[in-house]
file query38.csv (CSV, C-alpha atoms)
chain,number,residue,atom,x,y,z
T,1,MET,CA,15.3,12.5,11.5
T,2,SER,CA,16.2,11.3,15.0
T,3,ALA,CA,15.4,7.8,16.3
T,4,THR,CA,12.8,9.4,18.6
T,5,ALA,CA,11.1,11.3,15.8
T,6,LEU,CA,11.1,8.1,13.7
T,7,TRP,CA,9.5,6.1,16.5
T,8,THR,CA,6.9,8.9,17.0
T,9,THR,CA,6.1,8.8,13.3
T,10,VAL,CA,5.8,5.0,13.3
T,11,VAL,CA,3.6,4.9,16.4
T,12,ALA,CA,1.4,7.9,15.5
T,13,GLY,CA,0.8,6.6,11.9
T,14,SER,CA,0.0,3.1,13.2
T,15,LEU,CA,-2.4,4.4,15.8
T,16,GLY,CA,-4.2,6.7,13.3
T,17,CYS,CA,-4.5,3.8,10.7
T,18,TYR,CA,-5.9,1.5,13.4
T,19,LEU,CA,-8.5,4.1,14.5
T,20,LEU,CA,-9.6,4.5,10.9
T,21,LYS,CA,-10.2,0.8,10.7
T,22,LEU,CA,-12.0,0.8,14.1
T,23,ALA,CA,-14.2,3.7,13.0
T,24,GLY,CA,-15.5,1.6,10.1
T,25,LEU,CA,-16.8,-1.0,12.5
T,26,SER,CA,-18.1,1.6,14.9
T,27,VAL,CA,-19.7,4.6,13.1
T,28,PRO,CA,-23.2,4.5,11.5
T,29,ALA,CA,-23.0,3.3,8.0
T,30,ALA,CA,-24.8,6.4,6.7
T,31,TRP,CA,-21.8,8.6,7.6
T,32,VAL,CA,-19.5,6.7,5.2
T,33,GLU,CA,-21.9,5.5,2.6
T,34,GLN,CA,-22.3,8.9,1.0
T,35,PRO,CA,-21.6,8.8,-2.8
T,36,TRP,CA,-19.0,11.5,-2.7
T,37,VAL,CA,-17.1,10.0,0.2
T,38,ALA,CA,-17.1,6.6,-1.6
T,39,ARG,CA,-15.9,8.4,-4.7
T,40,VAL,CA,-13.0,10.1,-3.0
T,41,VAL,CA,-11.9,7.0,-1.1
T,42,ASP,CA,-12.1,5.0,-4.3
T,43,PHE,CA,-9.6,7.2,-6.1
T,44,VAL,CA,-7.2,8.4,-3.4
T,45,PRO,CA,-5.0,5.3,-3.7
T,46,ALA,CA,-4.4,5.9,-7.5
T,47,ALA,CA,-3.5,9.5,-7.0
T,48,LEU,CA,-1.2,8.9,-4.0
T,49,LEU,CA,0.5,5.7,-5.2
T,50,ALA,CA,1.2,7.3,-8.6
T,51,ALA,CA,2.6,10.3,-6.8
T,52,LEU,CA,4.8,8.0,-4.7
T,53,VAL,CA,6.0,6.1,-7.8
T,54,ALA,CA,7.0,9.4,-9.4
T,55,VAL,CA,8.7,10.8,-6.3
T,56,GLN,CA,10.6,7.6,-5.6
T,57,ALA,CA,11.7,7.2,-9.2
T,58,ALA,CA,12.6,10.6,-10.4
T,59,THR,CA,13.3,13.0,-7.5
T,60,SER,CA,16.0,13.5,-4.9
T,61,GLY,CA,15.1,16.1,-2.3
T,62,GLN,CA,13.7,19.0,-4.2
T,63,HIS,CA,15.4,18.1,-7.5
T,64,LEU,CA,14.1,16.1,-10.5
T,65,VAL,CA,16.8,13.5,-11.3
T,66,VAL,CA,17.2,10.7,-13.9
T,67,ASP,CA,19.2,7.8,-12.7
T,68,GLY,CA,19.1,4.0,-12.4
T,69,ARG,CA,15.8,4.2,-10.5
T,70,LEU,CA,14.0,5.4,-13.5
T,71,VAL,CA,15.5,2.7,-15.7
T,72,GLY,CA,14.5,0.1,-13.1
T,73,LEU,CA,10.9,1.5,-13.0
T,74,ALA,CA,10.7,1.3,-16.8
T,75,VAL,CA,11.9,-2.3,-16.8
T,76,GLY,CA,9.4,-3.0,-13.9
T,77,ALA,CA,6.5,-1.5,-15.9
T,78,VAL,CA,7.3,-3.7,-18.9
T,79,ALA,CA,7.4,-6.7,-16.6
T,80,LEU,CA,4.1,-5.8,-15.1
T,81,ALA,CA,2.5,-5.3,-18.5
T,82,LEU,CA,3.7,-8.8,-19.4
T,83,ARG,CA,2.0,-10.0,-16.2
T,84,ALA,CA,5.2,-11.1,-14.6
T,85,PRO,CA,4.9,-12.2,-11.0
T,86,PHE,CA,5.7,-9.6,-8.3
T,87,ILE,CA,9.1,-11.1,-7.4
T,88,VAL,CA,10.2,-11.2,-11.0
T,89,VAL,CA,9.2,-7.5,-11.4
T,90,LEU,CA,11.3,-6.6,-8.4
T,91,VAL,CA,14.3,-8.6,-9.4
T,92,LEU,CA,14.3,-7.2,-12.9
T,93,ALA,CA,13.9,-3.6,-11.7
T,94,GLY,CA,16.7,-4.1,-9.1
T,95,ALA,CA,19.0,-5.7,-11.7
T,96,ALA,CA,18.5,-2.8,-14.1
T,97,GLY,CA,19.2,-0.3,-11.3
T,98,ALA,CA,22.4,-2.1,-10.3
T,99,LEU,CA,23.6,-2.3,-13.9
T,100,VAL,CA,23.2,1.5,-14.4
T,101,HIS,CA,25.0,2.0,-11.1
T,102,VAL,CA,27.9,-0.2,-12.2
T,103,ALA,CA,27.9,1.4,-15.7
T,104,LEU,CA,28.1,4.9,-14.3
T,105,LEU,CA,31.0,3.9,-12.0
T,106,SER,CA,33.1,2.5,-14.8
R,1,MET,CA,-21.4,-25.4,6.0
R,2,SER,CA,-19.9,-28.2,4.1
R,3,SER,CA,-16.3,-29.2,4.7
R,4,PRO,CA,-15.1,-28.9,1.0
R,5,GLU,CA,-16.2,-25.2,1.1
R,6,ARG,CA,-14.4,-24.7,4.4
R,7,SER,CA,-11.2,-26.2,3.1
R,8,ALA,CA,-11.4,-24.2,-0.2
R,9,THR,CA,-11.7,-21.1,1.9
R,10,LEU,CA,-8.7,-22.0,4.1
R,11,ARG,CA,-6.7,-23.0,1.0
R,12,ASN,CA,-7.4,-19.6,-0.6
R,13,ALA,CA,-6.5,-17.8,2.6
R,14,ILE,CA,-3.2,-19.6,2.9
R,15,GLY,CA,-2.3,-18.9,-0.7
R,16,LEU,CA,-3.0,-15.3,-0.3
R,17,GLY,CA,-0.9,-15.1,2.9
R,18,VAL,CA,2.1,-16.5,1.1
R,19,ALA,CA,1.7,-14.2,-1.9
R,20,VAL,CA,1.2,-11.1,0.3
R,21,GLY,CA,4.3,-12.2,2.3
R,22,LEU,CA,6.4,-11.2,-0.7
R,23,TYR,CA,5.1,-7.7,-0.5
R,24,GLY,CA,6.0,-7.8,3.2
R,25,ALA,CA,9.6,-8.5,2.3
R,26,ALA,CA,9.5,-5.6,-0.2
R,27,PHE,CA,8.1,-3.3,2.6
R,28,GLY,CA,10.8,-4.3,5.1
R,29,ALA,CA,13.5,-3.5,2.5
R,30,ALA,CA,11.8,-0.2,1.5
R,31,GLY,CA,11.6,0.7,5.2
R,32,VAL,CA,15.3,0.2,5.8
R,33,ALA,CA,16.1,2.0,2.6
R,34,ALA,CA,14.1,4.9,3.9
R,35,GLY,CA,16.1,5.0,7.1
R,36,LEU,CA,14.0,3.0,9.5
R,37,SER,CA,15.6,0.4,11.8
R,38,VAL,CA,14.6,-3.3,11.5
R,39,TRP,CA,12.6,-2.8,14.7
R,40,GLN,CA,10.8,0.2,13.4
R,41,ALA,CA,9.9,-1.5,10.1
R,42,SER,CA,8.6,-4.6,12.0
R,43,THR,CA,6.7,-2.4,14.5
R,44,MET,CA,4.9,-0.8,11.6
R,45,SER,CA,3.9,-4.2,10.1
R,46,LEU,CA,2.7,-5.4,13.6
R,47,LEU,CA,0.8,-2.2,14.5
R,48,MET,CA,-0.2,-0.5,11.3
R,49,PHE,CA,-0.8,-3.6,9.2
R,50,THR,CA,-2.1,-2.0,6.0
R,51,GLY,CA,0.3,-2.2,3.2
R,52,ALA,CA,-0.4,0.8,1.1
R,53,SER,CA,-0.3,3.1,4.1
R,54,GLN,CA,3.0,1.5,5.3
R,55,PHE,CA,4.6,1.9,1.9
R,56,ALA,CA,3.4,5.5,1.7
R,57,LEU,CA,4.8,6.4,5.1
R,58,VAL,CA,8.3,5.1,4.3
R,59,GLY,CA,8.0,6.4,0.8
R,60,VAL,CA,7.5,10.0,2.1
R,61,LEU,CA,10.3,9.5,4.7
R,62,GLY,CA,12.6,8.1,2.0
R,63,ALA,CA,12.0,11.2,-0.1
R,64,GLY,CA,13.1,13.4,2.8
R,65,GLY,CA,9.6,14.3,3.9
R,66,SER,CA,8.5,15.5,7.4
R,67,ALA,CA,6.9,13.2,9.9
R,68,LEU,CA,3.6,15.1,9.4
R,69,ALA,CA,3.6,14.5,5.7
R,70,ALA,CA,4.5,10.8,6.2
R,71,VAL,CA,1.7,10.2,8.7
R,72,GLY,CA,-0.7,12.3,6.6
R,73,SER,CA,-0.2,10.2,3.5
R,74,ALA,CA,-0.6,7.0,5.5
R,75,LEU,CA,-3.9,8.2,6.9
R,76,LEU,CA,-5.2,9.3,3.5
R,77,LEU,CA,-4.6,5.8,2.2
R,78,GLY,CA,-6.0,4.3,5.5
R,79,THR,CA,-9.5,5.9,4.9
R,80,ARG,CA,-10.1,2.9,2.5
R,81,ASN,CA,-10.3,0.6,5.5
R,82,THR,CA,-13.0,2.7,7.1
R,83,VAL,CA,-15.2,2.0,4.2
R,84,TYR,CA,-14.3,-1.7,4.3
R,85,GLY,CA,-15.2,-1.8,8.0
R,86,VAL,CA,-18.7,-0.4,7.2
R,87,ARG,CA,-19.2,-3.2,4.6
R,88,LEU,CA,-18.1,-5.9,7.1
R,89,VAL,CA,-20.3,-4.9,10.0
R,90,PRO,CA,-23.4,-6.9,8.8
R,91,LEU,CA,-21.2,-9.9,8.3
R,92,LEU,CA,-19.0,-9.9,11.3
R,93,ARG,CA,-21.5,-8.3,13.7
R,94,PRO,CA,-18.6,-7.4,16.0
R,95,ARG,CA,-19.2,-6.5,19.6
R,96,GLY,CA,-17.1,-5.1,22.4
R,97,SER,CA,-13.5,-6.6,22.6
R,98,ARG,CA,-14.1,-8.6,19.4
R,99,ARG,CA,-14.6,-5.4,17.5
R,100,VAL,CA,-11.3,-4.0,18.8
R,101,GLY,CA,-9.5,-7.1,17.6
R,102,ALA,CA,-11.3,-7.6,14.3
R,103,ALA,CA,-10.6,-3.9,13.3
R,104,HIS,CA,-6.9,-4.6,13.1
R,105,TRP,CA,-7.4,-7.1,10.3
R,106,VAL,CA,-9.8,-4.9,8.2
R,107,ILE,CA,-7.7,-4.6,5.0
R,108,ASP,CA,-8.1,-5.0,1.2
R,109,GLU,CA,-7.7,-8.8,1.1
R,110,THR,CA,-9.7,-9.8,4.2
R,111,THR,CA,-12.6,-7.6,3.0
R,112,ALA,CA,-12.5,-9.0,-0.5
R,113,MET,CA,-12.3,-12.6,0.7
R,114,ALA,CA,-15.1,-12.2,3.4
R,115,LEU,CA,-17.5,-10.4,1.0
R,116,ALA,CA,-16.9,-13.0,-1.8
R,117,ALA,CA,-17.8,-16.0,0.5
R,118,PRO,CA,-21.0,-17.7,-0.4
R,119,ASP,CA,-22.6,-17.4,3.1
R,120,PRO,CA,-22.0,-15.4,6.3
R,121,ALA,CA,-20.5,-18.2,8.3
R,122,LEU,CA,-17.9,-18.9,5.5
R,123,GLY,CA,-17.5,-15.1,5.2
R,124,ARG,CA,-16.5,-14.9,8.9
R,125,LEU,CA,-14.2,-17.9,8.4
R,126,ALA,CA,-12.6,-16.3,5.3
R,127,PHE,CA,-12.1,-13.0,7.2
R,128,LEU,CA,-10.3,-14.8,10.2
R,129,ALA,CA,-8.3,-17.2,8.1
R,130,THR,CA,-7.2,-14.6,5.6
R,131,GLY,CA,-6.4,-12.1,8.4
R,132,ALA,CA,-4.4,-14.7,10.4
R,133,THR,CA,-2.3,-16.0,7.4
R,134,ILE,CA,-1.6,-12.5,6.0
R,135,TYR,CA,-0.7,-11.1,9.4
R,136,LEU,CA,1.7,-14.0,9.9
R,137,GLY,CA,3.2,-13.8,6.4
R,138,TRP,CA,3.4,-10.0,6.3
R,139,ASN,CA,5.2,-9.7,9.6
R,140,VAL,CA,7.6,-12.6,9.2
R,141,MET,CA,8.6,-11.4,5.7
R,142,THR,CA,8.9,-7.8,6.8
R,143,VAL,CA,11.7,-8.9,9.2
R,144,VAL,CA,13.3,-10.9,6.4
R,145,GLY,CA,13.2,-8.0,4.0
R,146,ALA,CA,14.4,-5.5,6.6
R,147,VAL,CA,17.3,-7.6,7.8
R,148,GLY,CA,18.3,-8.5,4.2
R,149,ALA,CA,18.3,-4.8,3.2
R,150,ALA,CA,20.3,-3.8,6.3
R,151,ALA,CA,23.1,-6.1,5.2
R,152,LEU,CA,23.4,-4.8,1.7
R,153,GLY,CA,26.6,-3.3,0.1
R,154,ASP,CA,26.8,-0.3,-2.3
R,155,THR,CA,25.7,-1.9,-5.6
R,156,ALA,CA,23.0,-3.9,-3.9
R,157,ARG,CA,21.8,-0.7,-2.3
R,158,ALA,CA,21.5,0.9,-5.8
R,159,ALA,CA,19.5,-2.2,-6.8
R,160,LEU,CA,17.2,-1.7,-3.8
R,161,ASP,CA,16.7,2.0,-4.7
R,162,ALA,CA,15.4,0.9,-8.1
R,163,VAL,CA,13.3,-1.9,-6.5
R,164,VAL,CA,11.3,0.5,-4.3
R,165,PRO,CA,9.6,2.6,-7.1
R,166,ALA,CA,8.9,-0.6,-9.0
R,167,ALA,CA,7.2,-2.0,-5.8
R,168,PHE,CA,5.0,1.0,-5.6
R,169,LEU,CA,4.1,0.6,-9.2
R,170,ALA,CA,3.2,-3.0,-8.6
R,171,LEU,CA,0.9,-1.9,-5.8
R,172,LEU,CA,-0.8,0.6,-8.1
R,173,TRP,CA,-0.9,-1.6,-11.2
R,174,PRO,CA,-4.1,-3.7,-10.4
R,175,ARG,CA,-6.1,-0.5,-10.2
R,176,LEU,CA,-5.2,0.6,-13.7
R,177,ARG,CA,-5.8,-2.7,-15.4
R,178,ARG,CA,-8.9,-3.5,-17.5
R,179,GLY,CA,-11.4,-5.2,-15.2
R,180,PHE,CA,-10.9,-2.9,-12.3
R,181,PRO,CA,-14.0,-0.7,-11.8
R,182,GLU,CA,-13.6,2.4,-13.9
R,183,ALA,CA,-10.0,1.5,-14.8
R,184,ALA,CA,-9.8,4.4,-17.4
R,185,VAL,CA,-10.7,6.9,-14.7
R,186,GLN,CA,-8.2,5.4,-12.3
R,187,ARG,CA,-5.5,5.8,-14.9
R,188,ARG,CA,-6.4,9.4,-15.5
R,189,VAL,CA,-6.3,10.1,-11.7
R,190,ALA,CA,-2.9,8.2,-11.5
R,191,VAL,CA,-1.3,10.2,-14.3
R,192,GLY,CA,-2.7,13.4,-12.7
R,193,GLY,CA,-1.3,12.5,-9.3
R,194,ALA,CA,2.1,11.8,-10.6
R,195,ALA,CA,2.1,15.0,-12.6
R,196,VAL,CA,1.1,17.1,-9.6
R,197,ALA,CA,3.8,15.5,-7.5
R,198,LEU,CA,6.6,16.1,-10.1
R,199,VAL,CA,5.6,19.7,-10.9
R,200,LEU,CA,5.5,20.6,-7.1
R,201,THR,CA,8.7,18.8,-6.2
R,202,PRO,CA,11.1,21.8,-6.7
R,203,PHE,CA,8.7,24.2,-4.9
R,204,VAL,CA,7.4,22.5,-1.7
R,205,PRO,CA,9.2,20.7,1.2
R,206,ALA,CA,9.8,17.0,0.3
R,207,GLY,CA,6.8,14.8,1.0
R,208,LEU,CA,4.2,17.5,0.7
R,209,GLN,CA,3.9,17.0,-3.0
R,210,VAL,CA,2.7,13.4,-2.3
R,211,ILE,CA,-0.2,14.7,-0.1
R,212,ALA,CA,-0.9,17.5,-2.6
R,213,ALA,CA,-1.4,14.9,-5.3
R,214,VAL,CA,-4.8,14.0,-3.8
R,215,VAL,CA,-6.2,17.0,-5.7
R,216,ALA,CA,-5.9,14.7,-8.8
R,217,VAL,CA,-8.9,12.8,-7.3
R,218,ALA,CA,-11.0,15.7,-8.7
R,219,LEU,CA,-10.2,14.2,-12.2
R,220,ALA,CA,-12.5,11.3,-11.3
R,221,GLY,CA,-15.5,13.6,-11.6
R,222,ARG,CA,-18.8,13.4,-9.8
R,223,PRO,CA,-20.1,10.1,-8.4
R,224,SER,CA,-22.6,8.6,-10.8
R,225,ALA,CA,-25.6,6.6,-9.4
R,226,GLY,CA,-24.7,3.1,-8.5
R,227,THR,CA,-20.9,3.3,-8.4
R,228,ARG,CA,-19.5,2.2,-5.1
R,229,PRO,CA,-16.0,1.2,-4.1
R,230,THR,CA,-15.3,-2.5,-4.2
R,231,ALA,CA,-12.7,-4.4,-2.2
R,232,ARG,CA,-10.7,-6.6,-4.5
R,233,GLU,CA,-7.8,-8.9,-4.1
R,234,GLU,CA,-5.0,-6.4,-4.5
R,235,MET,CA,-1.9,-6.4,-2.5
R,236,PRO,CA,-2.6,-4.9,0.9
call {"tool": "encode", "arguments": {"input": "query38.csv", "output": "structure tokens"}}
result
Amino acid sequence: MSATALWTTVVAGSLGCYLLKLAGLSVPAAWVEQPWVARVVDFVPAALLAALVAVQAATSGQHLVVDGRLVGLAVGAVALALRAPFIVVLVLAGAAGALVHVALLS
Amino acid sequence: MSSPERSATLRNAIGLGVAVGLYGAAFGAAGVAAGLSVWQASTMSLLMFTGASQFALVGVLGAGGSALAAVGSALLLGTRNTVYGVRLVPLLRPRGSRRVGAAHWVIDETTAMALAAPDPALGRLAFLATGATIYLGWNVMTVVGAVGAAALGDTARAALDAVVPAAFLALLWPRLRRGFPEAAVQRRVAVGGAAVALVLTPFVPAGLQVIAAVVAVALAGRPSAGTRPTAREEMP
């Protein structure tokens, strides 16, 4: 993607997200307080974030791949389950990914 | 309003700003890993300022997705803030230019802190103090993370590639944990979303599978009486 396209993406996404915030302070509450709207909004993050975890960890372009990222994710998940702080989770996941990278090179 | 309560509110706000700053560094690094420049990553933190949407946008770009898919996933996650805004109106009573300014800080943490405050005046203080400290921490640490990632060598880059999915998982984790409203349903939706994305990956242009994963929200079922989304202290 060209620098111009990236800037357009950054600015358009930022403007859209700001307008969504402003809308909450501006539209009548009844528009948003419908039970099914609340329901969908409540569960969108779980669906999207999980999809992003999967795509980031196990795909490359249109291929499913297994590499150090998946190992890092597994290590990160264990750390999260043990209630490790965020920074520890990231360091452990990164170390696992780097180890796999080095191991595959040798 | 008594001053111990004021200082407790300010202390909490600063603590949250520091904690969220770490996520800012992770975002800066993820942005650079996805191909953004340090300036572009920083501009996102300044102008978009809502963590999950920012991570989603760079996540889709990093997966090779189109601009439309990247912006679309950011907007889908941004709808949360619209609901938060509606909750905050009675507390903030924003008018005119104050509304335009206040809107920028309507995110998970400011909403949670403002609504948890014992009275409206403390609620407004909590909103402003949390917004200010997080805005500062998030933006400063975005630059730190982006500059750091831009200077990485080959092995460090492989480490960063493994850090990014773990950062997304950390963002998701609080929603799946016992204690979050309907955590079991959240888990079902999360597993469904991941499955949809992986199954579609070979067949759709990169990035679209992330948007398509919203169909997994159907696994949540119908709204039951009395359930409403609650803002909590998650990462942004």
call {"tool": "closest_residue", "arguments": {"input": "query38.csv", "among": "R:Ala103, R:Leu152, R:Leu169, R:Val83", "to": "Pro35 in chain T", "atoms": "all atoms listed in the file"}}
result
R:Val83
call {"tool": "residues_around", "arguments": {"input": "query38.csv", "residues": "range 64-68 of chain T", "least_positions_apart": "4", "cutoff": "8 Å", "atoms": "all atoms listed in the file", "output": "number ranges by chain"}}
result
T: 58-60, 72, 96-101; R: 158, 162, 198, 201-202
call {"tool": "residues_around", "arguments": {"input": "query38.csv", "residues": "Leu47 in chain R", "least_positions_apart": "6", "cutoff": "9 Å", "atoms": "all atoms listed in the file", "output": "PyMOL selection string"}}
result
(chain T and resi 10-11+14-15+17-18) or (chain R and resi 104)
call {"tool": "closest_residue", "arguments": {"input": "query38.csv", "among": "T:Ser26, T:Leu6, T:Leu90, T:Leu20", "to": "Val89 in chain R", "atoms": "all atoms listed in the file"}}
result
T:Ser26
call {"tool": "atom_distance", "arguments": {"input": "query38.csv", "atom1": "CA of Ala77 in chain T", "atom2": "CA of Val143 in chain R"}}
result
26.7 Å
call {"tool": "closest_residue", "arguments": {"input": "query38.csv", "among": "R:Leu76, R:Ser37, R:Val86, R:Ala8", "to": "Ala29 in chain T", "atoms": "all atoms listed in the file"}}
result
R:Val86
call {"tool": "residues_around", "arguments": {"input": "query38.csv", "residues": "Trp173 in chain R", "least_positions_apart": "4", "cutoff": "12 Å", "atoms": "all atoms listed in the file", "output": "number ranges by chain"}}
result
T: 45-46, 49-50, 53, 76-84, 86, 89; R: 166-169, 177-180, 183, 186-187, 190, 234-235
call {"tool": "residues_near_point", "arguments": {"input": "query38.csv", "point": "(10.1, 7.4, -12.0)", "cutoff": "8 Å", "atoms": "only C-alpha atoms", "output": "CSV table (one decimal) with C-alpha atoms, keeping the file's coordinate frame"}}
result
chain,number,residue,atom,x,y,z
T,53,VAL,CA,6.0,6.1,-7.8
T,54,ALA,CA,7.0,9.4,-9.4
T,55,VAL,CA,8.7,10.8,-6.3
T,56,GLN,CA,10.6,7.6,-5.6
T,57,ALA,CA,11.7,7.2,-9.2
T,58,ALA,CA,12.6,10.6,-10.4
T,59,THR,CA,13.3,13.0,-7.5
T,69,ARG,CA,15.8,4.2,-10.5
T,70,LEU,CA,14.0,5.4,-13.5
T,73,LEU,CA,10.9,1.5,-13.0
T,74,ALA,CA,10.7,1.3,-16.8
R,165,PRO,CA,9.6,2.6,-7.1
call {"tool": "closest_residue", "arguments": {"input": "query38.csv", "among": "T:Leu105, T:Ala93, T:Leu48, T:Ile87", "to": "Ala197 in chain R", "atoms": "all atoms listed in the file"}}
result
T:Leu48
call {"tool": "closest_residue", "arguments": {"input": "query38.csv", "among": "R:Ile107, R:Leu57, R:Leu16, R:Ala67", "to": "Tyr84 in chain R", "atoms": "only C-alpha atoms"}}
result
R:Ile107
call {"tool": "atom_distance", "arguments": {"input": "query38.csv", "atom1": "CA of Gly131 in chain R", "atom2": "CA of Leu25 in chain T"}}
result
15.8 Å
call {"tool": "atom_distance", "arguments": {"input": "query38.csv", "atom1": "CA of Leu92 in chain T", "atom2": "CA of Val75 in chain T"}}
result
6.7 Å
call {"tool": "axis_aligned_box", "arguments": {"input": "query38.csv", "around": "range 190-204 of chain R", "padding_each_side": "8 Å", "output": "AutoDock Vina command-line options"}}
result
--center_x 4.1 --center_y 16.2 --center_z -8.0 --size_x 30.0 --size_y 32.0 --size_z 28.6
call {"tool": "closest_residue", "arguments": {"input": "query38.csv", "among": "R:Leu125, R:Val147, R:Leu77, R:Met44", "to": "Val44 in chain T", "atoms": "all atoms listed in the file"}}
result
R:Leu77
call {"tool": "residues_around", "arguments": {"input": "query38.csv", "residues": "Gly15 in chain R", "least_positions_apart": "3", "cutoff": "12 Å", "atoms": "only C-alpha atoms", "output": "list in words"}}
result
Ala8, Thr9, Leu10, Arg11, Asn12, Val18, Ala19, Val20, Gly21, Leu22, Glu109, Met113, Ala129, Thr130, Thr133, Ile134, Gly137 and Glu233 of chain R
call {"tool": "residues_around", "arguments": {"input": "query38.csv", "residues": "Asn139 in chain R", "least_positions_apart": "2", "cutoff": "8 Å", "atoms": "all atoms listed in the file", "output": "JSON, numbers by chain"}}
result
{"R": [21, 24, 42, 45, 46, 135, 136, 137, 141, 142, 143]}
call {"tool": "build_atoms", "arguments": {"input": "query38.csv", "residues": "range 69-80 of chain T", "atoms": "N, CA and C atoms", "output": "compact mmCIF listing (two decimals), keeping the file's coordinate frame"}}
result
# COMPACT_ATOMS: atom_id res chain seq x y z
N ARG T 69 17.14 4.44 -10.98
CA ARG T 69 15.80 4.20 -10.50
C ARG T 69 14.74 4.25 -11.56
N LEU T 70 14.92 5.27 -12.43
CA LEU T 70 14.00 5.40 -13.50
C LEU T 70 14.06 4.31 -14.53
N VAL T 71 15.29 3.87 -14.77
CA VAL T 71 15.50 2.70 -15.70
C VAL T 71 14.85 1.48 -15.06
N GLY T 72 15.07 1.29 -13.76
CA GLY T 72 14.50 0.10 -13.10
C GLY T 72 12.94 0.19 -13.14
N LEU T 73 12.38 1.39 -12.98
CA LEU T 73 10.90 1.50 -13.00
C LEU T 73 10.40 1.17 -14.43
N ALA T 74 11.11 1.63 -15.47
CA ALA T 74 10.70 1.30 -16.80
C ALA T 74 10.70 -0.20 -17.07
N VAL T 75 11.77 -0.83 -16.62
CA VAL T 75 11.90 -2.30 -16.80
C VAL T 75 10.74 -2.98 -15.96
N GLY T 76 10.48 -2.48 -14.75
CA GLY T 76 9.40 -3.00 -13.90
C GLY T 76 8.05 -2.88 -14.60
N ALA T 77 7.83 -1.72 -15.24
CA ALA T 77 6.50 -1.50 -15.90
C ALA T 77 6.34 -2.47 -17.06
N VAL T 78 7.41 -2.71 -17.82
CA VAL T 78 7.30 -3.70 -18.90
C VAL T 78 6.98 -5.07 -18.35
N ALA T 79 7.67 -5.43 -17.27
CA ALA T 79 7.40 -6.70 -16.60
C ALA T 79 5.98 -6.86 -16.16
N LEU T 80 5.46 -5.77 -15.56
CA LEU T 80 4.10 -5.80 -15.10
C LEU T 80 3.10 -5.93 -16.25
